[in-house]
file work-v7.cif (mmCIF, C-alpha atoms)
data_query
loop_
_atom_site.label_atom_id
_atom_site.label_comp_id
_atom_site.auth_asym_id
_atom_site.auth_seq_id
_atom_site.Cartn_x
_atom_site.Cartn_y
_atom_site.Cartn_z
CA MET Z 28 120.53 70.99 100.36
CA PRO Z 29 121.85 73.95 102.45
CA LYS Z 30 119.79 74.98 105.46
CA PRO Z 31 117.27 77.83 104.90
CA ALA Z 32 118.54 81.13 106.33
CA LEU Z 33 115.60 82.25 108.47
CA LEU Z 34 114.76 85.92 108.81
CA SER Z 35 115.86 87.81 111.92
CA SER Z 36 113.41 89.48 114.29
CA GLU Z 37 114.37 92.90 112.91
CA GLN Z 38 113.65 91.75 109.35
CA MET Z 39 110.28 90.39 110.48
CA ALA Z 40 109.50 93.63 112.30
CA GLN Z 41 110.36 95.55 109.15
CA PHE Z 42 107.96 93.34 107.22
CA ALA Z 43 105.27 93.86 109.88
CA SER Z 44 105.77 97.64 109.81
CA ARG Z 45 106.39 98.39 106.14
CA GLY Z 46 104.92 95.33 104.40
CA PHE Z 47 107.93 94.29 102.34
CA LEU Z 48 111.48 92.96 102.36
CA MET Z 49 113.89 93.59 99.52
CA MET Z 50 116.71 91.16 98.69
CA GLU Z 51 118.93 92.95 96.23
CA GLY Z 52 120.69 90.74 93.66
CA VAL Z 53 120.11 87.57 95.70
CA VAL Z 54 119.44 85.36 92.65
CA PRO Z 55 122.67 84.46 90.80
CA LYS Z 56 123.23 85.14 87.10
CA ARG Z 57 122.95 81.50 86.06
CA ILE Z 58 119.37 81.31 87.37
CA ASN Z 59 118.41 84.72 85.96
CA ASP Z 60 119.79 83.70 82.53
CA GLN Z 61 117.94 80.40 82.61
CA PHE Z 62 114.69 82.11 83.59
CA LEU Z 63 115.00 84.72 80.81
CA ASN Z 64 115.81 82.02 78.25
CA ASP Z 65 112.83 79.93 79.33
CA ILE Z 66 110.09 82.53 79.44
CA GLY Z 67 109.30 82.31 75.75
CA LYS Z 68 110.90 84.65 73.27
CA VAL Z 69 109.07 86.10 70.33
CA PRO Z 70 110.91 87.60 67.33
CA GLU Z 71 110.48 91.38 67.32
CA SER Z 72 109.14 91.20 63.74
CA GLU Z 73 106.08 89.37 65.11
CA ILE Z 74 105.30 92.02 67.71
CA SER Z 75 102.30 94.14 66.88
CA ASP Z 76 100.97 95.24 70.27
CA PRO Z 77 101.26 94.33 73.98
CA MET Z 78 98.29 91.94 74.08
CA SER Z 79 99.41 89.83 71.12
CA TYR Z 80 102.93 89.72 72.60
CA TYR Z 81 101.51 88.39 75.87
CA GLY Z 82 99.60 85.71 73.97
CA LYS Z 83 102.65 84.59 72.01
CA VAL Z 84 104.92 84.49 75.08
CA MET Z 85 102.35 82.54 77.08
CA GLY Z 86 102.06 80.02 74.25
CA THR Z 87 105.78 79.31 74.11
CA SER Z 88 106.89 79.77 77.71
CA ALA Z 89 108.47 77.13 79.95
CA ILE Z 90 106.69 78.71 82.91
CA PRO Z 91 104.35 75.89 83.96
CA VAL Z 92 100.58 76.18 84.12
CA VAL Z 93 99.79 75.24 87.73
CA ASN Z 94 96.51 74.65 89.54
CA ALA Z 95 95.80 76.96 92.45
CA GLY Z 96 96.17 75.19 95.79
CA VAL Z 97 98.94 72.71 94.98
CA PRO Z 98 101.85 72.65 97.43
CA LEU Z 99 104.43 75.23 96.39
CA SER Z 100 107.06 72.49 96.58
CA GLU Z 101 105.26 70.67 93.74
CA ALA Z 102 104.47 73.69 91.55
CA TYR Z 103 107.66 73.72 89.47
CA PRO Z 104 109.64 70.95 87.72
CA ASP Z 105 112.99 70.05 89.30
CA GLU Z 106 115.20 71.78 86.76
CA ASN Z 107 113.03 74.90 86.41
CA ALA Z 108 114.74 78.24 87.21
CA ILE Z 109 112.04 79.03 89.79
CA THR Z 110 112.72 75.74 91.63
CA LYS Z 111 116.37 76.78 91.84
CA MET Z 112 115.47 80.31 92.93
CA LEU Z 113 113.15 79.05 95.70
CA ALA Z 114 115.88 76.67 96.92
CA LEU Z 115 118.42 79.45 97.55
CA PRO Z 116 118.99 79.47 101.36
CA LYS Z 117 118.01 83.13 101.79
CA VAL Z 118 114.88 82.69 99.69
CA ALA Z 119 113.84 79.40 101.30
CA GLY Z 120 114.48 80.97 104.72
CA ALA Z 121 112.33 84.02 103.97
CA VAL Z 122 109.49 81.84 102.64
CA LYS Z 123 109.65 79.57 105.71
CA SER Z 124 109.77 82.58 108.07
CA LEU Z 125 106.77 84.24 106.46
CA VAL Z 126 104.43 81.46 105.35
CA GLY Z 127 105.84 78.34 106.99
CA ASP Z 128 107.12 74.96 105.92
CA ALA Z 129 104.42 73.96 103.48
CA PRO Z 130 102.90 76.97 101.72
CA SER Z 131 100.42 76.41 98.94
CA PHE Z 132 100.72 77.92 95.49
CA ASP Z 133 98.07 80.52 94.65
CA HIS Z 134 99.07 81.79 91.20
CA HIS Z 135 101.98 83.22 89.30
CA PHE Z 136 102.23 85.62 86.40
CA LEU Z 137 104.93 87.02 84.16
CA HIS Z 138 104.33 90.78 84.13
CA MET Z 139 105.64 92.63 81.10
CA THR Z 140 105.91 96.38 80.77
CA PHE Z 141 106.31 97.51 77.21
CA PRO Z 142 108.37 100.34 75.74
CA PRO Z 143 106.80 103.17 73.67
CA SER Z 144 107.42 101.36 70.34
CA PHE Z 145 104.84 98.70 71.31
CA TYR Z 146 102.12 101.31 71.47
CA GLU Z 147 102.79 102.99 68.11
CA ALA Z 148 100.48 100.66 66.18
CA SER Z 149 98.05 100.32 69.07
CA SER Z 150 95.06 102.52 69.82
CA ARG Z 151 95.85 102.19 73.53
CA PRO Z 152 97.96 105.04 74.93
CA GLN Z 153 100.96 104.08 77.02
CA ALA Z 154 100.25 104.68 80.70
CA SER Z 155 101.39 103.49 84.09
CA GLN Z 156 99.17 101.07 85.97
CA HIS Z 157 96.75 102.51 88.53
CA TRP Z 158 97.45 101.97 92.20
CA HIS Z 159 95.80 98.82 93.43
CA GLN Z 160 95.91 96.16 96.13
CA ASP Z 161 95.90 92.64 94.69
CA SER Z 162 92.98 90.20 94.87
CA THR Z 163 90.03 91.68 96.78
CA ILE Z 164 89.04 93.05 100.20
CA ASP Z 165 91.03 90.88 102.59
CA PRO Z 166 90.57 91.61 106.30
CA ARG Z 167 92.51 88.56 107.61
CA GLN Z 168 95.36 88.66 110.09
CA ALA Z 169 96.86 85.63 108.35
CA PHE Z 170 98.64 86.84 105.26
CA ASP Z 171 99.80 85.65 101.87
CA VAL Z 172 103.16 86.61 100.43
CA GLN Z 173 103.93 87.66 96.91
CA ILE Z 174 107.47 87.35 95.63
CA MET Z 175 108.31 89.79 92.88
CA TYR Z 176 111.31 88.49 90.96
CA PHE Z 177 113.25 90.95 88.79
CA PRO Z 178 115.40 88.69 86.58
CA HIS Z 179 117.24 91.55 84.87
CA ALA Z 180 118.51 94.93 86.08
CA VAL Z 181 115.79 97.57 86.25
CA THR Z 182 116.74 101.18 85.52
CA ALA Z 183 114.63 104.22 86.42
CA LYS Z 184 113.68 104.60 82.75
CA MET Z 185 112.18 101.11 82.68
CA GLY Z 186 109.32 102.02 85.02
CA GLY Z 187 109.98 99.53 87.81
CA THR Z 188 107.12 98.50 90.08
CA ARG Z 189 105.79 101.38 92.17
CA TYR Z 190 104.82 100.52 95.74
CA LEU Z 191 103.81 102.29 98.92
CA PRO Z 192 105.66 101.19 102.07
CA GLY Z 193 103.36 100.77 105.07
CA SER Z 194 100.12 100.48 103.06
CA HIS Z 195 99.65 96.74 103.64
CA LEU Z 196 97.36 97.03 106.67
CA ARG Z 197 94.85 99.29 104.91
CA ILE Z 198 91.73 97.31 104.02
CA VAL Z 199 90.69 98.56 100.57
CA SER Z 200 88.96 97.07 97.58
CA GLU Z 201 91.54 96.36 94.87
CA ALA Z 202 91.61 99.21 92.29
CA ALA Z 203 89.26 101.45 94.27
CA ILE Z 204 92.42 103.40 95.11
CA GLY Z 205 93.08 104.07 91.42
CA ARG Z 206 91.99 107.69 91.83
CA TYR Z 207 95.22 108.48 93.70
CA GLN Z 208 98.12 109.27 91.39
CA ASN Z 209 101.01 110.22 93.63
CA ILE Z 210 101.52 109.53 97.30
CA LYS Z 211 104.35 110.89 99.43
CA GLY Z 212 106.90 108.16 100.10
CA GLN Z 213 106.00 106.10 97.03
CA GLN Z 214 108.91 103.93 95.88
CA PHE Z 215 109.93 102.73 92.42
CA VAL Z 216 111.93 99.56 92.01
CA THR Z 217 115.32 100.12 90.44
CA CYS Z 218 117.57 97.17 91.08
CA LYS Z 219 120.29 94.75 90.08
CA ALA Z 220 119.39 91.60 88.18
CA GLY Z 221 118.15 88.85 90.49
CA THR Z 222 116.45 91.09 93.03
CA LEU Z 223 113.46 89.81 95.00
CA LEU Z 224 110.79 91.84 96.69
CA PHE Z 225 108.79 89.91 99.29
CA MET Z 226 105.48 91.65 99.74
CA HIS Z 227 102.57 91.32 102.12
CA MET Z 228 99.49 90.80 99.95
CA GLY Z 229 98.04 94.14 101.04
CA ILE Z 230 100.80 96.42 99.70
CA TRP Z 231 99.51 99.11 97.33
CA HIS Z 232 101.41 98.94 94.06
CA GLY Z 233 101.30 99.39 90.29
CA GLY Z 234 103.44 98.92 87.21
CA GLY Z 235 105.45 101.92 86.04
CA LEU Z 236 105.83 103.59 82.67
CA ASN Z 237 108.55 101.94 80.60
CA LEU Z 238 110.35 104.65 78.62
CA SER Z 239 113.35 102.50 77.70
CA ASN Z 240 113.63 100.54 74.46
CA LYS Z 241 113.34 97.10 76.13
CA VAL Z 242 110.50 95.01 77.52
CA ARG Z 243 110.67 94.90 81.32
CA TYR Z 244 109.90 91.54 82.96
CA MET Z 245 108.79 90.84 86.50
CA PHE Z 246 107.64 87.42 87.66
CA LYS Z 247 105.24 87.33 90.59
CA ILE Z 248 104.36 84.28 92.68
CA ARG Z 249 101.65 84.36 95.33
CA MET Z 250 101.83 81.79 98.11
CA CYS Z 251 99.55 81.08 101.05
CA PRO Z 252 100.30 79.69 104.52
CA THR Z 253 98.87 76.32 105.55
CA GLU Z 254 99.65 76.87 109.24
CA ARG Z 255 99.37 79.56 111.90
CA GLN Z 256 102.09 82.15 111.16
CA GLU Z 257 103.50 82.28 114.68
CA ARG Z 258 107.23 82.57 115.50
CA LEU Z 259 108.27 80.98 112.22
CA TRP Z 260 111.42 83.12 111.93
CA ASP Z 261 114.63 82.94 113.97
CA THR Z 262 113.43 84.38 117.29
CA SER Z 263 116.70 83.70 119.12
CA ASP Z 264 117.65 87.38 118.72
CA LEU Z 265 114.57 88.79 120.50
CA GLY Z 266 116.13 90.88 123.25
CA ASN Z 267 115.22 90.66 126.95
CA ASP Z 268 113.88 94.21 126.68
CA HIS Z 269 111.45 93.22 123.94
CA HIS Z 270 108.39 93.59 126.21
CA GLU Z 271 109.70 96.59 128.17
CA GLN Z 272 107.96 99.91 127.71
CA ARG Z 273 110.04 103.04 127.11
CA PRO Z 274 109.37 106.72 127.92
CA ILE Z 275 106.97 108.30 125.42
CA PHE Z 276 106.57 111.90 124.23
CA TRP Z 277 108.76 113.39 127.04
CA THR Z 278 111.79 111.32 126.27
CA GLY Z 279 114.76 113.45 127.30
CA LEU Z 280 117.85 112.92 125.19
CA LYS Z 281 117.00 109.69 123.45
CA GLY Z 282 119.46 106.89 123.99
CA LYS Z 283 119.46 103.52 122.32
CA THR Z 284 115.97 102.05 122.22
CA ASN Z 285 114.61 98.69 121.20
CA PRO Z 286 114.79 98.57 117.39
CA ILE Z 287 111.55 96.59 117.07
CA HIS Z 288 109.56 99.18 119.04
CA GLU Z 289 111.25 101.83 116.92
CA MET Z 290 110.20 100.16 113.65
CA LEU Z 291 106.62 99.61 114.75
CA THR Z 292 106.19 103.29 115.61
CA THR Z 293 108.04 104.96 112.73
CA PRO Z 294 105.61 106.83 110.45
CA GLU Z 295 105.64 106.78 106.67
CA PRO Z 296 105.65 110.16 104.86
CA TRP Z 297 102.04 109.65 103.75
CA PHE Z 298 100.56 108.85 107.16
CA GLU Z 299 97.72 111.12 108.20
CA TYR Z 300 98.15 112.49 111.71
CA ASP Z 301 95.29 110.55 113.28
CA THR Z 302 95.24 107.37 111.20
CA GLY Z 303 99.04 107.20 111.46
CA ARG Z 304 98.43 106.33 115.13
CA LEU Z 305 95.96 103.67 114.05
CA GLU Z 306 98.69 102.30 111.79
CA TYR Z 307 100.94 101.91 114.86
CA ILE Z 308 98.10 100.10 116.62
CA ASN Z 309 97.55 97.82 113.64
CA ARG Z 310 101.28 97.12 113.40
CA VAL Z 311 101.37 96.19 117.10
CA LEU Z 312 98.32 93.94 116.59
CA PHE Z 313 100.12 92.31 113.65
CA TRP Z 314 103.29 91.83 115.71
CA ARG Z 315 101.23 90.30 118.54
CA TYR Z 316 99.78 87.91 115.96
CA LEU Z 317 103.24 86.96 114.72
CA LEU Z 318 104.51 86.51 118.29
CA GLY Z 319 101.38 84.72 119.48
CA ASP Z 320 101.50 87.03 122.49
CA ASP Z 321 98.79 89.58 123.26
CA SER Z 322 100.81 91.17 126.06
CA PHE Z 323 103.18 92.93 123.66
CA ASP Z 324 102.85 96.66 123.10
CA ALA Z 325 104.96 99.52 121.78
CA ASP Z 326 104.67 103.03 123.19
CA TYR Z 327 101.52 102.10 125.13
CA TRP Z 328 99.24 102.56 122.08
CA LEU Z 329 97.16 99.46 122.84
CA THR Z 330 97.68 99.17 126.61
CA ARG Z 331 96.09 102.59 127.05
CA VAL Z 332 92.88 101.73 125.19
CA GLU Z 333 92.70 98.23 126.67
CA ASN Z 334 92.70 99.53 130.25
CA GLU Z 335 89.14 98.51 131.14
CA TYR Z 336 87.69 97.24 134.42
CA ALA Z 337 84.65 95.01 134.72
CA MET J 3 93.12 118.61 91.04
CA VAL J 4 92.64 116.40 94.06
CA LEU J 5 94.69 116.94 97.20
CA TYR J 6 94.85 114.64 100.20
CA THR J 7 95.98 116.26 103.44
CA ALA J 8 97.32 115.04 106.76
CA ASN J 9 94.14 115.99 108.64
CA SER J 10 90.81 117.64 107.90
CA ALA J 11 92.25 121.18 107.98
CA LEU J 12 93.05 122.70 104.60
CA ASP J 13 96.21 124.27 106.00
CA THR J 14 97.91 120.94 106.78
CA GLY J 15 100.45 119.24 104.55
CA VAL J 16 99.57 117.50 101.28
CA ILE J 17 100.31 113.76 101.46
CA ALA J 18 98.90 112.69 98.07
CA TRP J 19 97.60 114.33 94.90
CA SER J 20 96.11 113.77 91.45
CA PHE J 21 95.52 115.88 88.36
CA TYR J 22 92.82 115.31 85.75
CA ASP J 23 93.13 117.97 83.05
CA GLY J 24 89.85 118.52 81.21
CA THR J 25 91.53 120.68 78.56
CA GLY J 26 93.59 117.70 77.39
CA LYS J 27 96.70 119.87 77.40
CA THR J 28 98.48 117.78 80.00
CA VAL J 29 98.30 114.08 80.77
CA HIS J 30 98.89 112.82 84.28
CA MET J 31 99.10 109.30 85.59
CA ALA J 32 100.03 107.25 88.64
CA GLY J 33 103.59 107.76 89.78
CA ASP J 34 104.36 110.70 87.49
CA GLN J 35 105.48 113.17 90.17
CA ASN J 36 107.47 112.95 93.36
CA ASP J 37 106.74 116.35 94.87
CA PRO J 38 103.28 117.66 95.76
CA PRO J 39 102.09 120.64 93.67
CA TYR J 40 101.28 122.62 96.83
CA ARG J 41 102.54 122.36 100.39
CA THR J 42 99.00 122.67 101.78
CA GLY J 43 95.43 122.89 100.49
CA LEU J 44 95.37 126.53 101.50
CA ASP J 45 98.30 127.25 99.19
CA ALA J 46 96.18 125.90 96.30
CA LEU J 47 93.35 128.34 97.20
CA LEU J 48 95.84 131.18 97.27
CA ASP J 49 96.95 130.19 93.77
CA GLY J 50 93.44 130.52 92.34
CA TRP J 51 92.06 126.98 92.66
CA ARG J 52 88.43 126.76 93.81
CA LEU J 53 87.50 124.12 96.38
CA ILE J 54 84.44 122.25 95.11
CA GLN J 55 84.29 119.22 97.42
CA ALA J 56 85.71 118.08 100.74
CA SER J 57 85.37 114.63 102.28
CA PRO J 58 83.03 114.57 105.29
CA LEU J 59 84.11 113.50 108.75
CA ILE J 60 82.51 110.14 109.40
CA SER J 61 81.86 108.57 112.80
CA HIS J 62 83.82 105.43 113.54
CA VAL J 63 81.84 102.22 113.47
CA SER J 64 81.71 100.55 116.86
CA GLY J 65 84.07 97.58 116.96
CA ASP J 66 85.93 98.79 113.88
CA GLU J 67 87.60 101.89 115.30
CA PHE J 68 91.16 100.88 114.37
CA ARG J 69 90.42 99.94 110.78
CA THR J 70 92.24 102.02 108.16
CA ASP J 71 91.42 102.06 104.48
CA TYR J 72 91.17 104.94 101.98
CA LEU J 73 92.95 108.25 102.33
CA LYS J 74 90.70 110.18 104.64
CA TYR J 75 91.00 113.90 103.83
CA GLU J 76 90.22 114.39 100.15
CA PHE J 77 89.72 117.83 98.60
CA PHE J 78 88.64 118.41 95.01
CA PHE J 79 89.69 121.69 93.39
CA GLU J 80 88.93 123.16 90.01
CA LYS J 81 90.35 125.92 87.87
CA MET J 82 88.39 127.24 84.90
CA ILE J 83 90.51 127.69 81.77
CA GLU J 84 89.26 129.63 78.78
CA GLN J 85 89.49 127.52 75.65
CA VAL J 86 88.35 128.11 72.06
CA VAL J 87 86.42 125.10 70.76
CA GLN J 88 85.91 124.64 67.02
CA MET J 89 82.29 123.56 66.45
CA GLU J 90 81.77 121.44 63.36
CA GLY J 91 79.40 123.00 60.76
CA LEU J 92 79.44 126.46 62.32
#
call {"tool": "encode", "arguments": {"input": "work-v7.cif", "output": "structure tokens"}}
result
Amino acid sequence: MPKPALLSSEQMAQFASRGFLMMEGVVPKRINDQFLNDIGKVPESEISDPMSYYGKVMGTSAIPVVNAGVPLSEAYPDENAITKMLALPKVAGAVKSLVGDAPSFDHHFLHMTFPPSFYEASSRPQASQHWHQDSTIDPRQAFDVQIMYFPHAVTAKMGGTRYLPGSHLRIVSEAAIGRYQNIKGQQFVTCKAGTLLFMHMGIWHGGGLNLSNKVRYMFKIRMCPTERQERLWDTSDLGNDHHEQRPIFWTGLKGKTNPIHEMLTTPEPWFEYDTGRLEYINRVLFWRYLLGDDSFDADYWLTRVENEYA
Amino acid sequence: MVLYTANSALDTGVIAWSFYDGTGKTVHMAGDQNDPPYRTGLDALLDGWRLIQASPLISHVSGDEFRTDYLKYEFFFEKMIEQVVQMEGL
């Protein structure tokens, strides 16, 4: 089996700062085709509404029913499309970098977003899914990863998953954020077939409105670490200047600066002025956790408030 | 209409927004717009919206000062629209 391609430090810093990593078209056609053939097809004549379609697909699907907590490596049969997807070097490397060598399986689910025709006979109006954070209030520093697998191309009309970069460190209670409709900087997945989105469990997201004439599929797998998530990626590229502070506020003509510091202190369009600074602090705390090194800081945000004398 | 701003001042930029239309004439939902309806909360006042609620400023809990959660600066606005309602039996 080829060696897993571990993430670089810049990829990890992007994950720490924005809460996701996108791998566009990384899953080859043969695996996407197998997955789509195996999920359980239902003749269109038998489709009456979204819920009955879900029931029929679940009853015929080759997607295994797996107990929570089993090792991820044992969750799928050898010839299953997901086994093949997880074995791709870039995918195996990202999983190993984020959740270690032996993650456990939490759950998986085949999400389907239905076109307008599915709602014609239903009393339920077609609507996008409210913003939410998965699971429940989760204040850990350890983190789970959710892989969103898009086995076919997703066009804008298909209502690809909506997500909010940089929202992963906000501690909220699941759909309590459903009141918000639009947030500056929100993203909508449009992608090639075989795209994967690796998400921190805390990312705010929701399903979009499918206005095409096809069902949109997205398969999500949640996995949990079974070890301390410290320096699991390829750290050989961490520069010597990684711990060096740089000028702040009065910066002159900015030259080249450390890209990791840059990522950790780049705001998202929706950041409030004051809590945006707390986001930088929380990103630095997260990066310290990943490094296993409490001496790291970026732009003095933590050093300043830690300057205490007994 | 609900606007979320970048700080507690109504004349700062809108970072998030929602519409709930009680007339039923328009339907809004998550992810349906990319651009805010107003640049600031003040612009909404100038356009005839009435501010009916603003989120209070809450002290930070000791030991939890860096915690972030919900959008902090929430302003509820209303606009009264005249509408003829057909009453059954009248």
call {"tool": "closest_atom_pairs", "arguments": {"input": "work-v7.cif", "of": "chain J", "to": "chain Z", "cutoff": "9 Å", "atoms": "all atoms listed in the file", "output": "Markdown table"}}
result
| residue | atom | partner | partner_atom | distance |
| --- | --- | --- | --- | --- |
| J:Val4 | CA | Z:Tyr207 | CA | 8.3 |
| J:Tyr6 | CA | Z:Ile210 | CA | 8.9 |
| J:Thr7 | CA | Z:Glu299 | CA | 7.2 |
| J:Ala8 | CA | Z:Glu299 | CA | 4.2 |
| J:Asn9 | CA | Z:Glu299 | CA | 6.1 |
| J:Val16 | CA | Z:Lys211 | CA | 8.4 |
| J:Ile17 | CA | Z:Trp297 | CA | 5.0 |
| J:Ala18 | CA | Z:Ile210 | CA | 4.2 |
| J:Trp19 | CA | Z:Asn209 | CA | 5.5 |
| J:Ser20 | CA | Z:Gln208 | CA | 4.9 |
| J:Phe21 | CA | Z:Gln208 | CA | 7.7 |
| J:His30 | CA | Z:Gln208 | CA | 8.0 |
| J:Met31 | CA | Z:Gln208 | CA | 5.9 |
| J:Ala32 | CA | Z:Gln208 | CA | 3.9 |
| J:Gly33 | CA | Z:Asn209 | CA | 5.2 |
| J:Asp34 | CA | Z:Asn209 | CA | 7.0 |
| J:Gln35 | CA | Z:Asn209 | CA | 6.4 |
| J:Asn36 | CA | Z:Asn209 | CA | 7.0 |
| J:Asp37 | CA | Z:Lys211 | CA | 7.5 |
| J:Pro38 | CA | Z:Lys211 | CA | 7.8 |
| J:Glu67 | CA | Z:Leu305 | CA | 8.6 |
| J:Phe68 | CA | Z:Leu305 | CA | 5.6 |
| J:Arg69 | CA | Z:Ile198 | CA | 7.4 |
| J:Thr70 | CA | Z:Arg197 | CA | 5.0 |
| J:Asp71 | CA | Z:Arg197 | CA | 4.4 |
| J:Tyr72 | CA | Z:Val199 | CA | 6.6 |
| J:Leu73 | CA | Z:Glu299 | CA | 8.1 |
| J:Lys74 | CA | Z:Glu299 | CA | 7.9 |
| J:Tyr75 | CA | Z:Glu299 | CA | 8.5 |
call {"tool": "residues_around", "arguments": {"input": "work-v7.cif", "residues": "region 224-226 of chain Z", "least_positions_apart": "6", "cutoff": "8 Å", "atoms": "all atoms listed in the file", "output": "mmCIF file with C-alpha atoms, in the frame of the given file"}}
result
data_model
loop_
_atom_site.group_PDB
_atom_site.id
_atom_site.type_symbol
_atom_site.label_atom_id
_atom_site.label_comp_id
_atom_site.auth_asym_id
_atom_site.auth_seq_id
_atom_site.Cartn_x
_atom_site.Cartn_y
_atom_site.Cartn_z
ATOM 1 C CA GLY Z 46 104.920 95.330 104.400
ATOM 2 C CA PHE Z 47 107.930 94.290 102.340
ATOM 3 C CA LEU Z 48 111.480 92.960 102.360
ATOM 4 C CA MET Z 49 113.890 93.590 99.520
ATOM 5 C CA MET Z 50 116.710 91.160 98.690
ATOM 6 C CA VAL Z 172 103.160 86.610 100.430
ATOM 7 C CA GLN Z 173 103.930 87.660 96.910
ATOM 8 C CA ILE Z 174 107.470 87.350 95.630
ATOM 9 C CA MET Z 175 108.310 89.790 92.880
ATOM 10 C CA TYR Z 176 111.310 88.490 90.960
#
call {"tool": "atom_distance", "arguments": {"input": "work-v7.cif", "atom1": "CA of Gly52 (chain Z)", "atom2": "CA of Leu33 (chain Z)"}}
result
17.8 Å
call {"tool": "residues_around", "arguments": {"input": "work-v7.cif", "residues": "Phe132 (chain Z)", "least_positions_apart": "6", "cutoff": "6 Å", "atoms": "all atoms listed in the file", "output": "VMD selection string"}}
result
chain Z and resid 95 to 99 250
call {"tool": "atom_distance", "arguments": {"input": "work-v7.cif", "atom1": "CA of Leu318 (chain Z)", "atom2": "CA of Arg258 (chain Z)"}}
result
5.5 Å
call {"tool": "atom_distance", "arguments": {"input": "work-v7.cif", "atom1": "CA of Trp231 (chain Z)", "atom2": "CA of Leu191 (chain Z)"}}
result
5.6 Å
call {"tool": "resolve_selection", "arguments": {"input": "work-v7.cif", "expression": "the PyMOL selection byres ((chain J and resi 58) around 12)", "output": "VMD selection string"}}
result
chain J and resid 9 to 11 55 to 57 59 to 61 74 to 77
call {"tool": "residues_around", "arguments": {"input": "work-v7.cif", "residues": "Asp45 (chain J)", "least_positions_apart": "5", "cutoff": "10 Å", "atoms": "all atoms listed in the file", "output": "PyMOL selection string"}}
result
chain J and resi 12-15+39-40+50-51
call {"tool": "write_last_selection", "arguments": {"input": "work-v7.cif", "atoms": "C-alpha atoms", "output": "PDB file, in the frame of the given file"}}
result
ATOM      1  CA  LEU J  12      93.050 122.700 104.600  1.00  0.00           C
ATOM      2  CA  ASP J  13      96.210 124.270 106.000  1.00  0.00           C
ATOM      3  CA  THR J  14      97.910 120.940 106.780  1.00  0.00           C
ATOM      4  CA  GLY J  15     100.450 119.240 104.550  1.00  0.00           C
ATOM      5  CA  PRO J  39     102.090 120.640  93.670  1.00  0.00           C
ATOM      6  CA  TYR J  40     101.280 122.620  96.830  1.00  0.00           C
ATOM      7  CA  GLY J  50      93.440 130.520  92.340  1.00  0.00           C
ATOM      8  CA  TRP J  51      92.060 126.980  92.660  1.00  0.00           C
TER       9      TRP J  51
END
call {"tool": "residues_around", "arguments": {"input": "work-v7.cif", "residues": "Asp23 (chain J)", "least_positions_apart": "5", "cutoff": "12 Å", "atoms": "all atoms listed in the file", "output": "list of chain:residue names"}}
result
J:Met3, J:Val4, J:Thr28, J:Val29, J:His30, J:Met31, J:Phe79, J:Glu80, J:Lys81, J:Met82, J:Ile83
call {"tool": "resolve_selection", "arguments": {"input": "work-v7.cif", "expression": "the PyMOL selection byres ((chain Z and resi 145) around 8)", "output": "list in words"}}
result
Ile74, Ser75, Asp76, Pro77, Phe141, Pro142, Pro143, Ser144, Tyr146, Glu147, Ala148 and Ser149 of chain Z
call {"tool": "resolve_selection", "arguments": {"input": "work-v7.cif", "expression": "the PyMOL selection byres ((chain Z and resi 62) around 9)", "output": "PyMOL selection string"}}
result
chain Z and resi 57-61+63-66+89-90+107-109+178
call {"tool": "closest_residue", "arguments": {"input": "work-v7.cif", "among": "Z:His288, Z:His134, Z:His179, Z:Lys30", "to": "Gly221 (chain Z)", "atoms": "only C-alpha atoms"}}
result
Z:His179
call {"tool": "decode", "arguments": {"input": "work-v7.cif", "residues": "region 75-84 of chain J", "atoms": "N, CA and C atoms", "output": "PDB file, in the first residue's frame"}}
result
ATOM      1  N   TYR J  75     -23.770  41.031  18.416  1.00  0.00           N
ATOM      2  CA  TYR J  75     -24.467  42.327  18.301  1.00  0.00           C
ATOM      3  C   TYR J  75     -25.688  42.176  17.389  1.00  0.00           C
ATOM      4  N   GLU J  76     -26.796  41.828  18.029  1.00  0.00           N
ATOM      5  CA  GLU J  76     -28.013  41.458  17.292  1.00  0.00           C
ATOM      6  C   GLU J  76     -29.050  42.573  17.436  1.00  0.00           C
ATOM      7  N   PHE J  77     -29.590  43.024  16.329  1.00  0.00           N
ATOM      8  CA  PHE J  77     -30.586  44.095  16.333  1.00  0.00           C
ATOM      9  C   PHE J  77     -31.833  43.643  15.575  1.00  0.00           C
ATOM     10  N   PHE J  78     -32.965  43.703  16.250  1.00  0.00           N
ATOM     11  CA  PHE J  78     -34.238  43.355  15.603  1.00  0.00           C
ATOM     12  C   PHE J  78     -34.917  44.634  15.118  1.00  0.00           C
ATOM     13  N   PHE J  79     -35.357  44.618  13.882  1.00  0.00           N
ATOM     14  CA  PHE J  79     -36.066  45.759  13.290  1.00  0.00           C
ATOM     15  C   PHE J  79     -37.435  45.287  12.811  1.00  0.00           C
ATOM     16  N   GLU J  80     -38.362  46.226  12.756  1.00  0.00           N
ATOM     17  CA  GLU J  80     -39.661  45.904  12.173  1.00  0.00           C
ATOM     18  C   GLU J  80     -40.087  47.018  11.235  1.00  0.00           C
ATOM     19  N   LYS J  81     -40.955  46.632  10.311  1.00  0.00           N
ATOM     20  CA  LYS J  81     -41.577  47.610   9.423  1.00  0.00           C
ATOM     21  C   LYS J  81     -43.032  47.206   9.333  1.00  0.00           C
ATOM     22  N   MET J  82     -43.942  48.135   9.619  1.00  0.00           N
ATOM     23  CA  MET J  82     -45.365  47.816   9.575  1.00  0.00           C
ATOM     24  C   MET J  82     -45.862  47.997   8.142  1.00  0.00           C
ATOM     25  N   ILE J  83     -46.527  46.958   7.634  1.00  0.00           N
ATOM     26  CA  ILE J  83     -47.055  46.992   6.266  1.00  0.00           C
ATOM     27  C   ILE J  83     -48.573  46.901   6.346  1.00  0.00           C
ATOM     28  N   GLU J  84     -49.250  47.786   5.670  1.00  0.00           N
ATOM     29  CA  GLU J  84     -50.712  47.734   5.659  1.00  0.00           C
ATOM     30  C   GLU J  84     -51.161  46.571   4.781  1.00  0.00           C
TER      31      GLU J  84
END
